[in-house]
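Below is the file query_36.txt, which contains compact mmCIF, C-alpha atoms and all ligand atoms.
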# COMPACT_ATOMS: atom_id res chain seq x y z
CA MET A 1 -14.20 21.87 27.83
CA ASN A 2 -15.72 18.50 28.63
CA LEU A 3 -13.79 16.90 25.79
CA LEU A 4 -10.50 17.55 27.49
CA ARG A 5 -8.61 15.61 30.08
CA LYS A 6 -7.86 17.52 33.27
CA LYS A 7 -4.17 17.75 32.43
CA GLU A 8 -4.96 19.83 29.36
CA GLU A 9 -7.28 22.28 31.10
CA LYS A 10 -4.45 24.43 32.45
CA GLU A 11 -2.68 24.54 29.10
CA LEU A 12 -5.95 25.43 27.39
CA SER A 13 -6.59 28.42 29.61
CA LYS A 14 -3.08 29.74 28.93
CA ILE A 15 -3.56 29.28 25.18
CA LYS A 16 -6.86 31.12 25.39
CA GLU A 17 -5.12 33.96 27.21
CA LEU A 18 -2.57 34.23 24.39
CA PHE A 19 -5.31 34.18 21.74
CA LEU A 20 -7.05 37.01 23.57
CA GLU A 21 -4.07 39.16 24.47
CA LYS A 22 -1.38 38.78 21.82
CA LYS A 23 -1.45 40.50 18.47
CA TYR A 24 1.15 38.85 16.21
CA PHE A 25 0.76 35.19 15.30
CA PHE A 26 2.63 32.79 13.06
CA LEU A 27 0.72 29.59 12.22
CA SER A 28 2.16 26.49 10.66
CA THR A 29 1.32 22.85 10.11
CA HIS A 30 2.97 19.63 8.96
CA LEU A 31 4.88 18.84 5.77
CA TYR A 32 2.78 17.27 3.00
CA PRO A 33 -0.26 18.96 4.51
CA ASP A 34 -3.59 17.15 4.35
CA GLY A 35 -7.13 18.51 4.66
CA ASP A 36 -6.96 18.81 8.43
CA ALA A 37 -3.57 20.51 8.35
CA LEU A 38 -4.71 23.11 5.83
CA GLY A 39 -8.22 23.40 7.29
CA SER A 40 -7.03 24.11 10.84
CA LEU A 41 -4.34 26.49 9.53
CA VAL A 42 -6.65 28.61 7.40
CA GLY A 43 -9.60 28.42 9.80
CA LEU A 44 -7.57 29.62 12.78
CA ALA A 45 -5.91 32.36 10.71
CA ILE A 46 -9.29 33.74 9.64
CA ALA A 47 -10.74 33.60 13.15
CA LEU A 48 -7.74 35.37 14.69
CA ARG A 49 -7.76 38.03 11.98
CA ASN A 50 -11.44 38.66 12.64
CA GLN A 51 -10.33 39.59 16.16
CA GLY A 52 -7.93 42.19 14.78
CA LYS A 53 -4.81 40.03 15.04
CA VAL A 54 -1.97 40.06 12.54
CA VAL A 55 -1.52 36.50 11.32
CA LYS A 56 0.97 34.85 8.98
CA MET A 57 0.66 31.29 7.69
CA GLY A 58 3.75 29.26 6.82
CA LEU A 59 4.58 25.82 5.45
CA GLY A 60 7.99 24.25 6.02
CA GLU A 61 8.65 23.14 2.46
CA ARG A 62 7.84 24.63 -0.91
CA GLU A 63 5.95 21.59 -2.26
CA PRO A 64 2.88 21.84 -4.48
CA LEU A 65 -0.30 21.62 -2.41
CA PRO A 66 -2.78 18.85 -3.18
CA PRO A 67 -4.94 20.22 -6.02
CA HIS A 68 -8.09 18.96 -4.30
CA TYR A 69 -7.58 21.52 -1.51
CA LEU A 70 -6.85 24.53 -3.67
CA PHE A 71 -10.43 25.75 -3.30
CA LEU A 72 -9.65 26.67 0.32
CA PRO A 73 -9.28 30.44 0.80
CA TYR A 74 -6.00 32.34 1.42
CA LEU A 75 -3.64 29.49 0.46
CA ASP A 76 -1.80 31.91 -1.84
CA GLU A 77 -0.71 33.85 1.27
CA ILE A 78 1.30 30.95 2.65
CA VAL A 79 4.97 31.81 3.17
CA TYR A 80 7.99 29.50 3.07
CA PRO A 81 11.27 29.47 5.01
CA ASP A 82 13.28 30.58 1.98
CA GLY A 83 11.26 33.80 1.90
CA HIS A 84 10.88 36.45 4.59
CA TRP A 85 11.66 36.26 8.26
CA PHE A 86 9.05 37.48 10.69
CA LYS A 87 9.12 38.19 14.37
CA GLU A 88 5.74 37.11 15.65
CA GLU A 89 5.37 36.56 19.37
CA VAL A 90 3.29 33.41 19.13
CA PHE A 91 4.10 30.41 16.94
CA VAL A 92 1.21 27.95 16.65
CA ALA A 93 1.95 24.43 15.35
CA LEU A 94 -1.21 22.71 14.15
CA ASP A 95 -1.73 18.97 13.60
CA CYS A 96 2.00 18.30 14.10
CA ALA A 97 2.89 15.21 16.10
CA SER A 98 6.54 16.24 16.29
CA MET A 99 8.59 19.39 15.87
CA ALA A 100 10.36 17.89 12.85
CA ARG A 101 7.06 17.88 10.98
CA LEU A 102 7.37 21.69 10.76
CA GLY A 103 10.24 21.20 8.31
CA GLY A 104 11.99 24.49 7.56
CA TRP A 105 10.22 26.32 10.40
CA VAL A 106 11.72 24.26 13.23
CA GLU A 107 14.39 26.84 14.12
CA LYS A 108 11.87 29.67 14.12
CA ALA A 109 9.53 27.59 16.29
CA LYS A 110 12.32 26.94 18.80
CA LYS A 111 13.10 30.65 19.07
CA ALA A 112 9.51 31.80 19.42
CA LYS A 113 8.58 33.40 22.73
CA TRP A 114 5.52 31.15 22.82
CA LEU A 115 5.30 27.86 20.97
CA VAL A 116 1.73 26.58 21.04
CA ASN A 117 1.26 22.96 20.00
CA ILE A 118 -2.36 22.08 19.15
CA ASP A 119 -2.89 18.54 17.92
CA HIS A 120 -4.85 15.30 18.20
CA HIS A 121 -2.14 12.70 17.51
CA GLN A 122 -1.52 10.07 20.16
CA THR A 123 2.18 10.17 19.29
CA ASN A 124 2.50 13.92 19.90
CA GLU A 125 5.85 14.70 21.48
CA ARG A 126 4.60 17.73 23.46
CA PHE A 127 7.33 19.91 21.99
CA GLY A 128 5.56 23.22 22.65
CA SER A 129 5.88 25.61 25.55
CA LEU A 130 2.10 25.06 25.70
CA ASN A 131 0.58 21.80 24.50
CA LEU A 132 -3.05 21.06 23.85
CA ILE A 133 -3.20 17.44 22.70
CA GLU A 134 -6.66 15.93 22.57
CA VAL A 135 -6.62 12.46 21.06
CA LYS A 136 -10.41 12.17 21.31
CA SER A 137 -10.84 15.01 18.83
CA SER A 138 -11.54 13.73 15.33
CA SER A 139 -9.21 16.34 13.93
CA THR A 140 -7.17 19.38 14.82
CA SER A 141 -9.85 21.40 13.02
CA GLU A 142 -12.48 20.12 15.47
CA LEU A 143 -10.22 20.97 18.41
CA VAL A 144 -9.48 24.49 17.16
CA PHE A 145 -13.17 25.07 16.50
CA ILE A 146 -13.98 24.14 20.12
CA ILE A 147 -11.30 26.51 21.48
CA LEU A 148 -12.56 29.40 19.33
CA LYS A 149 -16.13 28.75 20.34
CA GLU A 150 -15.21 28.76 24.01
CA LEU A 151 -13.42 32.05 23.45
CA GLY A 152 -16.52 33.48 21.81
CA PHE A 153 -14.57 34.32 18.63
CA GLU A 154 -16.82 34.90 15.64
CA LEU A 155 -16.52 32.51 12.71
CA ASN A 156 -17.57 33.26 9.17
CA LYS A 157 -18.38 31.12 6.15
CA GLU A 158 -14.73 30.90 5.02
CA ALA A 159 -13.49 29.72 8.41
CA ALA A 160 -16.40 27.27 8.60
CA LEU A 161 -15.43 25.88 5.20
CA ALA A 162 -11.84 25.37 6.33
CA PHE A 163 -12.79 23.57 9.55
CA TYR A 164 -15.41 21.47 7.75
CA VAL A 165 -12.83 20.27 5.22
CA GLY A 166 -10.46 19.35 8.07
CA ILE A 167 -13.12 17.33 9.85
CA LEU A 168 -14.50 15.76 6.67
CA THR A 169 -11.12 14.47 5.53
CA ASP A 170 -9.69 13.34 8.88
CA THR A 171 -12.86 11.34 9.63
CA GLY A 172 -12.93 9.73 6.16
CA ARG A 173 -16.19 11.56 5.44
CA PHE A 174 -17.56 10.92 8.95
CA GLN A 175 -16.91 7.16 8.79
CA TYR A 176 -13.77 6.41 10.81
CA ALA A 177 -13.76 5.45 14.48
CA ASN A 178 -12.74 9.01 15.46
CA THR A 179 -16.18 10.28 14.41
CA SER A 180 -18.32 11.07 17.48
CA ALA A 181 -21.75 12.60 18.04
CA LYS A 182 -19.82 15.76 18.92
CA THR A 183 -18.18 15.68 15.47
CA PHE A 184 -21.60 15.63 13.81
CA GLU A 185 -22.84 18.45 16.05
CA ILE A 186 -19.88 20.60 15.06
CA ALA A 187 -20.33 19.71 11.39
CA ARG A 188 -23.99 20.72 11.64
CA GLU A 189 -22.98 24.06 13.11
CA LEU A 190 -20.38 24.63 10.38
CA ILE A 191 -22.81 23.71 7.59
CA GLY A 192 -25.14 26.31 9.15
CA PHE A 193 -22.81 29.02 7.81
CA GLY A 194 -24.16 28.16 4.37
CA LEU A 195 -21.64 25.55 3.18
CA ASP A 196 -22.37 23.66 -0.02
CA THR A 197 -21.43 20.19 1.21
CA PHE A 198 -22.00 18.50 -2.14
CA GLN A 199 -19.68 20.96 -3.87
CA ILE A 200 -17.07 20.42 -1.15
CA PHE A 201 -17.34 16.65 -1.61
CA GLN A 202 -16.81 17.03 -5.34
CA ASN A 203 -13.83 19.35 -4.85
CA VAL A 204 -12.13 16.99 -2.43
CA TYR A 205 -13.12 13.51 -3.60
CA GLU A 206 -14.17 13.72 -7.24
CA ASN A 207 -11.23 15.76 -8.39
CA TYR A 208 -8.94 13.14 -9.96
CA SER A 209 -7.33 13.94 -13.27
CA PHE A 210 -7.56 11.11 -15.80
CA ASN A 211 -3.84 10.40 -15.35
CA CYS A 212 -4.28 10.26 -11.62
CA LEU A 213 -6.97 7.64 -12.07
CA LYS A 214 -4.75 5.59 -14.39
CA LEU A 215 -1.87 5.76 -11.92
CA LEU A 216 -4.23 4.57 -9.19
CA GLY A 217 -5.01 1.63 -11.47
CA LEU A 218 -1.31 0.77 -11.58
CA ILE A 219 -1.02 0.95 -7.78
CA LEU A 220 -3.96 -1.44 -7.42
CA LYS A 221 -2.56 -3.78 -10.06
CA ARG A 222 0.74 -3.87 -8.18
CA ALA A 223 -0.89 -4.53 -4.81
CA ARG A 224 0.28 -7.66 -3.02
CA LYS A 225 -1.35 -9.49 -0.18
CA GLU A 226 0.75 -11.25 2.44
CA GLY A 227 -1.52 -12.67 5.11
CA GLU A 228 -3.40 -9.77 6.65
CA LEU A 229 -1.11 -7.24 5.09
CA ILE A 230 -1.85 -5.50 1.77
CA HIS A 231 0.76 -3.27 0.22
CA SER A 232 1.75 -1.45 -2.93
CA TYR A 233 4.12 1.30 -4.05
CA LEU A 234 4.71 4.10 -6.48
CA THR A 235 8.00 5.53 -7.67
CA GLN A 236 9.21 8.91 -8.92
CA ARG A 237 9.37 7.30 -12.35
CA ASP A 238 5.66 6.43 -12.18
CA LEU A 239 4.84 10.00 -11.19
CA ALA A 240 6.89 11.37 -14.07
CA LYS A 241 5.44 8.90 -16.56
CA PHE A 242 1.85 9.78 -15.63
CA ASN A 243 2.68 13.45 -15.03
CA VAL A 244 1.11 13.28 -11.56
CA GLY A 245 2.38 15.17 -8.49
CA LEU A 246 3.04 13.36 -5.22
CA SER A 247 0.50 15.57 -3.47
CA GLU A 248 -2.21 14.28 -5.82
CA THR A 249 -1.78 10.74 -4.52
CA GLU A 250 -2.88 11.50 -0.94
CA ASN A 251 -5.99 9.32 -1.08
CA TYR A 252 -4.59 6.28 -2.92
CA ILE A 253 -4.02 4.45 0.36
CA ASP A 254 -7.79 4.57 0.97
CA PHE A 255 -8.28 2.15 -1.92
CA LEU A 256 -5.92 -0.42 -0.41
CA ARG A 257 -7.73 -0.34 2.92
CA LEU A 258 -10.99 -1.32 1.19
CA ASN A 259 -9.88 -4.96 1.25
CA ARG A 260 -12.10 -6.72 3.82
CA ASP A 261 -9.58 -9.25 5.08
CA SER A 262 -6.54 -7.04 5.53
CA LYS A 263 -5.72 -5.56 8.88
CA LEU A 264 -2.96 -3.33 7.64
CA ALA A 265 -2.59 -1.44 4.37
CA ILE A 266 0.76 0.05 3.39
CA LEU A 267 1.58 2.34 0.50
CA PHE A 268 5.19 3.26 -0.27
CA LYS A 269 5.69 6.50 -2.18
CA GLU A 270 9.15 7.34 -3.41
CA LEU A 271 10.32 10.88 -2.61
CA PRO A 272 12.59 12.88 -4.95
CA ASP A 273 15.60 12.04 -2.70
CA GLY A 274 14.96 8.30 -3.07
CA ASN A 275 13.56 7.81 0.44
CA TRP A 276 10.13 6.26 0.94
CA LYS A 277 7.21 8.14 2.38
CA VAL A 278 5.20 5.29 3.91
CA SER A 279 1.48 5.48 4.67
CA LEU A 280 -0.11 2.95 7.03
CA ARG A 281 -3.79 2.24 7.66
CA GLY A 282 -4.63 -0.20 10.44
CA LYS A 283 -7.84 -1.85 11.55
CA LYS A 284 -9.18 -4.75 13.63
CA GLY A 285 -6.68 -4.29 16.44
CA VAL A 286 -3.62 -3.32 14.41
CA TYR A 287 -2.33 0.00 15.73
CA SER A 288 -0.53 1.66 12.88
CA HIS A 289 0.91 4.51 14.99
CA LEU A 290 2.89 1.99 17.05
CA ILE A 291 4.36 0.51 13.88
CA ALA A 292 5.14 3.97 12.45
CA SER A 293 6.81 5.01 15.72
CA ARG A 294 9.30 2.15 15.34
CA PHE A 295 10.48 3.83 12.14
CA GLY A 296 10.60 7.33 13.61
CA GLY A 297 7.15 8.37 12.41
CA GLY A 298 3.78 8.61 14.11
CA GLY A 299 0.07 9.18 13.68
CA HIS A 300 -3.13 7.60 14.91
CA PRO A 301 -4.09 3.93 15.51
CA GLY A 302 -6.01 3.92 12.23
CA ALA A 303 -3.70 6.08 10.13
CA ALA A 304 0.00 6.71 10.50
CA GLY A 305 3.12 7.32 8.49
CA PHE A 306 6.89 7.66 8.40
CA THR A 307 9.74 8.40 6.04
CA THR A 308 12.59 5.92 5.63
CA SER A 309 15.72 5.25 3.64
CA LEU A 310 15.36 1.48 4.21
CA PRO A 311 14.51 -0.72 1.22
CA ARG A 312 10.83 -1.57 0.81
CA ARG A 313 11.34 -5.31 1.35
CA LYS A 314 13.24 -4.68 4.57
CA VAL A 315 10.43 -2.48 5.92
CA LEU A 316 7.82 -5.07 4.96
CA ASN A 317 9.74 -7.87 6.67
CA LEU A 318 10.15 -5.84 9.85
CA ILE A 319 6.45 -5.00 9.89
CA LYS A 320 5.41 -8.58 9.13
CA GLY A 321 7.47 -9.65 12.12
CA ASP A 322 5.40 -7.21 14.20
CA LEU A 323 2.08 -8.48 12.91
CA ILE A 324 2.65 -12.16 13.65
P1 LIG A 401 -0.55 9.98 5.60
O1 LIG A 401 -0.30 8.52 5.44
O2 LIG A 401 -1.91 10.35 5.10
O3 LIG A 401 0.54 10.84 5.09
O4 LIG A 401 -0.57 10.24 7.16
C1 LIG A 401 -1.41 9.53 8.04
C2 LIG A 401 -1.26 10.05 9.45
O5 LIG A 401 0.07 9.80 9.91
C3 LIG A 401 -1.47 11.55 9.59
O6 LIG A 401 -2.13 11.78 10.83
C4 LIG A 401 -0.07 12.11 9.62
O7 LIG A 401 0.00 13.29 10.36
C5 LIG A 401 0.75 10.99 10.27
N1 LIG A 401 2.09 10.94 9.68
C6 LIG A 401 2.41 10.70 8.39
N2 LIG A 401 3.73 10.74 8.17
C7 LIG A 401 4.29 11.00 9.39
C8 LIG A 401 5.64 11.18 9.83
O8 LIG A 401 6.61 11.09 9.08
N3 LIG A 401 5.80 11.47 11.17
C9 LIG A 401 4.75 11.57 12.02
N4 LIG A 401 5.00 11.86 13.31
N5 LIG A 401 3.48 11.41 11.64
C10 LIG A 401 3.24 11.13 10.34
MN MN A 402 -5.25 15.70 11.73

Translate this file's structure into structure tokens.
Ligand code: 5GP
Ligand code: MN
Amino acid sequence: MNLLRKKEEKELSKIKELFLEKKYFFLSTHLYPDGDALGSLVGLAIALRNQGKVVKMGLGEREPLPPHYLFLPYLDEIVYPDGHWFKEEVFVALDCASMARLGGWVEKAKKAKWLVNIDHHQTNERFGSLNLIEVKSSSTSELVFIILKELGFELNKEAALAFYVGILTDTGRFQYANTSAKTFEIARELIGFGLDTFQIFQNVYENYSFNCLKLLGLILKRARKEGELIHSYLTQRDLAKFNVGLSETENYIDFLRLNRDSKLAILFKELPDGNWKVSLRGKKGVYSHLIASRFGGGGHPGAAGFTTSLPRRKVLNLIKGDLI
């Protein structure tokens, strides 16, 4: 694979061997799954099943999924740690920069005979027994697609839809710096399976409830600018008042980053336990994954995140110190 660094070639061939030879697979992805997490999960599950494999999909926490991804197939099959216990030979972690991102599946992942870690985050902690980390890939979906293609595994329209959604969302609709000519080539191939790209766009991006839109208005009204930093927040009380789920607010941060003279956008979202889930978007030389790492999180230069129990003002002051 010409996309891969030499170091990863050996790991890739071992992963391919497992995909060819093993029969029982357990796939999981990160907490608060986004389009790439769900896309790579479902896409790989379908492709492996088409090869006669037995595949389970699991998420580490029983949280509602973002409604704008519910059109993806097979999401109703997803299992949770409080349910059954399986004994698959191969555990595949997708789009997870660290083991902790698997939530309730961490213990199962540790015990698996094979723990395959497929991801594109620069901050990936290489926690697998096999690790395929390709930071040049726009998305984990793109990376998985390339592996399957090299293996000669057949895709179908459903798998193509899943991978397309992963690539579409992680590239900000083919706009972010992680979008390469290769990304467009793969998208072209996926669309060739008969995808209705306009319908997909509407499902993902024009799917706000009226309340969701009004809550977005509040976030924008609350936004503050401190030098090249723009930030805002939303609380559990806001969510309750507007009757909006946390998972519906995934794209709010994208509206803060629209500001032309900010280098860093931060959105604080209060979790039910009172901690903050913090989203960062960096540009013009601000590497948000480095900032997130300081708080125990991770991500990409352009998009990163972490969870913290620190007060908002404290986090902002620490980050401002970093920016100056
Ligand atoms: P978002 O702000 O959309 O939740 O996440 C942006 C990026 O940062 C994604 O690539 C996501 O995987 C990563 N990210 C978000 N939260 C965390 C976290 O708590 N830990 C790590 N390692 N990465 C995170
Ligand atoms: Mn991703």

Do you have the atom CA of A:Arg257-atom CA of A:Ser279 distance handy?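 Atom CA of A:Ser279 lies 11.0 Å from atom CA of A:Arg257.
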
Could you please determine the separation between atom CA of A:Arg101 and atom C8 of ligand LIG 401 (chain A) in Å, to one decimal place?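 Atom-to-atom, atom CA of A:Arg101 and atom C8 of ligand LIG 401 (chain A) are spaced 6.9 Å apart.
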
Could you list, as a ChimeraX atom specification, every residue within 10 Å of stretch 42-56 of chain A, counting only C-alpha atoms and ignoring same-chain residues fewer than 4 positions away? /A:19-28,36-38,72-75,77-79,86,88,90-92,94,141,144-145,147-148,153-166

So that I have them on file, write out the residues from the current selection with C-alpha atoms, as an mmCIF file, in the frame of the given file.
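What follows is the written file out-v9.cif:
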data_model
loop_
_atom_site.group_PDB
_atom_site.id
_atom_site.type_symbol
_atom_site.label_atom_id
_atom_site.label_comp_id
_atom_site.auth_asym_id
_atom_site.auth_seq_id
_atom_site.Cartn_x
_atom_site.Cartn_y
_atom_site.Cartn_z
ATOM 1 C CA PHE A 19 -5.310 34.180 21.740
ATOM 2 C CA LEU A 20 -7.050 37.010 23.570
ATOM 3 C CA GLU A 21 -4.070 39.160 24.470
ATOM 4 C CA LYS A 22 -1.380 38.780 21.820
ATOM 5 C CA LYS A 23 -1.450 40.500 18.470
ATOM 6 C CA TYR A 24 1.150 38.850 16.210
ATOM 7 C CA PHE A 25 0.760 35.190 15.300
ATOM 8 C CA PHE A 26 2.630 32.790 13.060
ATOM 9 C CA LEU A 27 0.720 29.590 12.220
ATOM 10 C CA SER A 28 2.160 26.490 10.660
ATOM 11 C CA ASP A 36 -6.960 18.810 8.430
ATOM 12 C CA ALA A 37 -3.570 20.510 8.350
ATOM 13 C CA LEU A 38 -4.710 23.110 5.830
ATOM 14 C CA LEU A 72 -9.650 26.670 0.320
ATOM 15 C CA PRO A 73 -9.280 30.440 0.800
ATOM 16 C CA TYR A 74 -6.000 32.340 1.420
ATOM 17 C CA LEU A 75 -3.640 29.490 0.460
ATOM 18 C CA GLU A 77 -0.710 33.850 1.270
ATOM 19 C CA ILE A 78 1.300 30.950 2.650
ATOM 20 C CA VAL A 79 4.970 31.810 3.170
ATOM 21 C CA PHE A 86 9.050 37.480 10.690
ATOM 22 C CA GLU A 88 5.740 37.110 15.650
ATOM 23 C CA VAL A 90 3.290 33.410 19.130
ATOM 24 C CA PHE A 91 4.100 30.410 16.940
ATOM 25 C CA VAL A 92 1.210 27.950 16.650
ATOM 26 C CA LEU A 94 -1.210 22.710 14.150
ATOM 27 C CA SER A 141 -9.850 21.400 13.020
ATOM 28 C CA VAL A 144 -9.480 24.490 17.160
ATOM 29 C CA PHE A 145 -13.170 25.070 16.500
ATOM 30 C CA ILE A 147 -11.300 26.510 21.480
ATOM 31 C CA LEU A 148 -12.560 29.400 19.330
ATOM 32 C CA PHE A 153 -14.570 34.320 18.630
ATOM 33 C CA GLU A 154 -16.820 34.900 15.640
ATOM 34 C CA LEU A 155 -16.520 32.510 12.710
ATOM 35 C CA ASN A 156 -17.570 33.260 9.170
ATOM 36 C CA LYS A 157 -18.380 31.120 6.150
ATOM 37 C CA GLU A 158 -14.730 30.900 5.020
ATOM 38 C CA ALA A 159 -13.490 29.720 8.410
ATOM 39 C CA ALA A 160 -16.400 27.270 8.600
ATOM 40 C CA LEU A 161 -15.430 25.880 5.200
ATOM 41 C CA ALA A 162 -11.840 25.370 6.330
ATOM 42 C CA PHE A 163 -12.790 23.570 9.550
ATOM 43 C CA TYR A 164 -15.410 21.470 7.750
ATOM 44 C CA VAL A 165 -12.830 20.270 5.220
ATOM 45 C CA GLY A 166 -10.460 19.350 8.070
#

Protein and nucleic residues near ligand MN 402 (chain A), 6 Å, all atoms listed in the file, as a PyMOL selection string: chain A and resi 36+95+139-140+170

Residue among A:Glu11, A:Ala97, A:Lys87, A:Ala187 lying closest to ligand LIG 401 (chain A), counting all atoms listed in the file: A:Ala97

Can you tell me, as a PyMOL selection string, what residues are no more than 12 Å from A:Asp261 when counting all atoms listed in the file, ignoring any on the same chain fewer than 5 positions away? chain A and resi 225-230+256+282-284

Rounded to one decimal, what separation in Å do you get between atom CA of A:Ser209 and atom O2 of ligand LIG 401 (chain A)?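 Computing it gives 19.5 Å between the two atoms.
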
Report as a ChimeraX atom specification which protein, DNA and RNA residues come within 6 Å of ligand LIG 401 (chain A), using only C-alpha atoms and all ligand atoms. /A:97-98,279-280,297-300,303-307

Using all atoms listed in the file, which residue out of A:Ile291, A:Val204, A:Leu143, A:Leu31 lies closest to A:Val106?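 Smallest separation from A:Val106 among the options: A:Leu31.
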
For A:Tyr32, please output as a list in words all residues within 10 Å (counting all atoms listed in the file; exclusion window: fewer than 5 positions along the same chain).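 My reading of the contact set: Ala37, Leu38, Leu59, Gly60, Glu61, Arg62, Glu63, Pro64, Leu65, Pro66, Arg101, Gly103, Leu246, Ser247 and Glu250 of chain A.
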
In terms of the shortest atom-to-atom distance over all atoms listed in the file, which of A:Asn178, A:Pro81, A:Gly152, A:Asn317 is closest to A:Val135?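 The shortest atom-to-atom distance to A:Val135 comes from A:Asn178.
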
Got a sec: who's within 12 Å of A:Phe295, counting all atoms listed in the file, leaving out chain neighbours fewer than 5 positions off, as an mmCIF file with C-alpha atoms, in the frame of the given file?
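Result written to out23.cif:
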data_model
loop_
_atom_site.group_PDB
_atom_site.id
_atom_site.type_symbol
_atom_site.label_atom_id
_atom_site.label_comp_id
_atom_site.auth_asym_id
_atom_site.auth_seq_id
_atom_site.Cartn_x
_atom_site.Cartn_y
_atom_site.Cartn_z
ATOM 1 C CA TRP A 276 10.130 6.260 0.940
ATOM 2 C CA LYS A 277 7.210 8.140 2.380
ATOM 3 C CA VAL A 278 5.200 5.290 3.910
ATOM 4 C CA SER A 279 1.480 5.480 4.670
ATOM 5 C CA LEU A 280 -0.110 2.950 7.030
ATOM 6 C CA SER A 288 -0.530 1.660 12.880
ATOM 7 C CA HIS A 289 0.910 4.510 14.990
ATOM 8 C CA LEU A 290 2.890 1.990 17.050
ATOM 9 C CA ALA A 304 0.000 6.710 10.500
ATOM 10 C CA GLY A 305 3.120 7.320 8.490
ATOM 11 C CA PHE A 306 6.890 7.660 8.400
ATOM 12 C CA THR A 307 9.740 8.400 6.040
ATOM 13 C CA THR A 308 12.590 5.920 5.630
ATOM 14 C CA SER A 309 15.720 5.250 3.640
ATOM 15 C CA LEU A 310 15.360 1.480 4.210
ATOM 16 C CA LYS A 314 13.240 -4.680 4.570
ATOM 17 C CA VAL A 315 10.430 -2.480 5.920
ATOM 18 C CA LEU A 316 7.820 -5.070 4.960
ATOM 19 C CA LEU A 318 10.150 -5.840 9.850
ATOM 20 C CA ILE A 319 6.450 -5.000 9.890
#

Nearest to A:Ile167 by atom-to-atom distance, counting all atoms listed in the file, from A:Gly39, A:Ile133, A:Thr29, A:Ile191: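 Checking each of A:Gly39, A:Ile133, A:Thr29, A:Ile191 against A:Ile167, counting all atoms listed in the file, the winner is A:Gly39.
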
Which residue gives the smallest distance to A:Pro301 among A:Phe198, A:Leu264, A:Ser232, A:Lys269, with only C-alpha atoms counted?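 Of A:Phe198, A:Leu264, A:Ser232, A:Lys269, the one nearest A:Pro301 is A:Leu264, counting only C-alpha atoms.
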
Using all atoms listed in the file, which residue out of A:His30, A:His120, A:Lys16, A:Lys111 lies closest to A:Ser137? A:His120
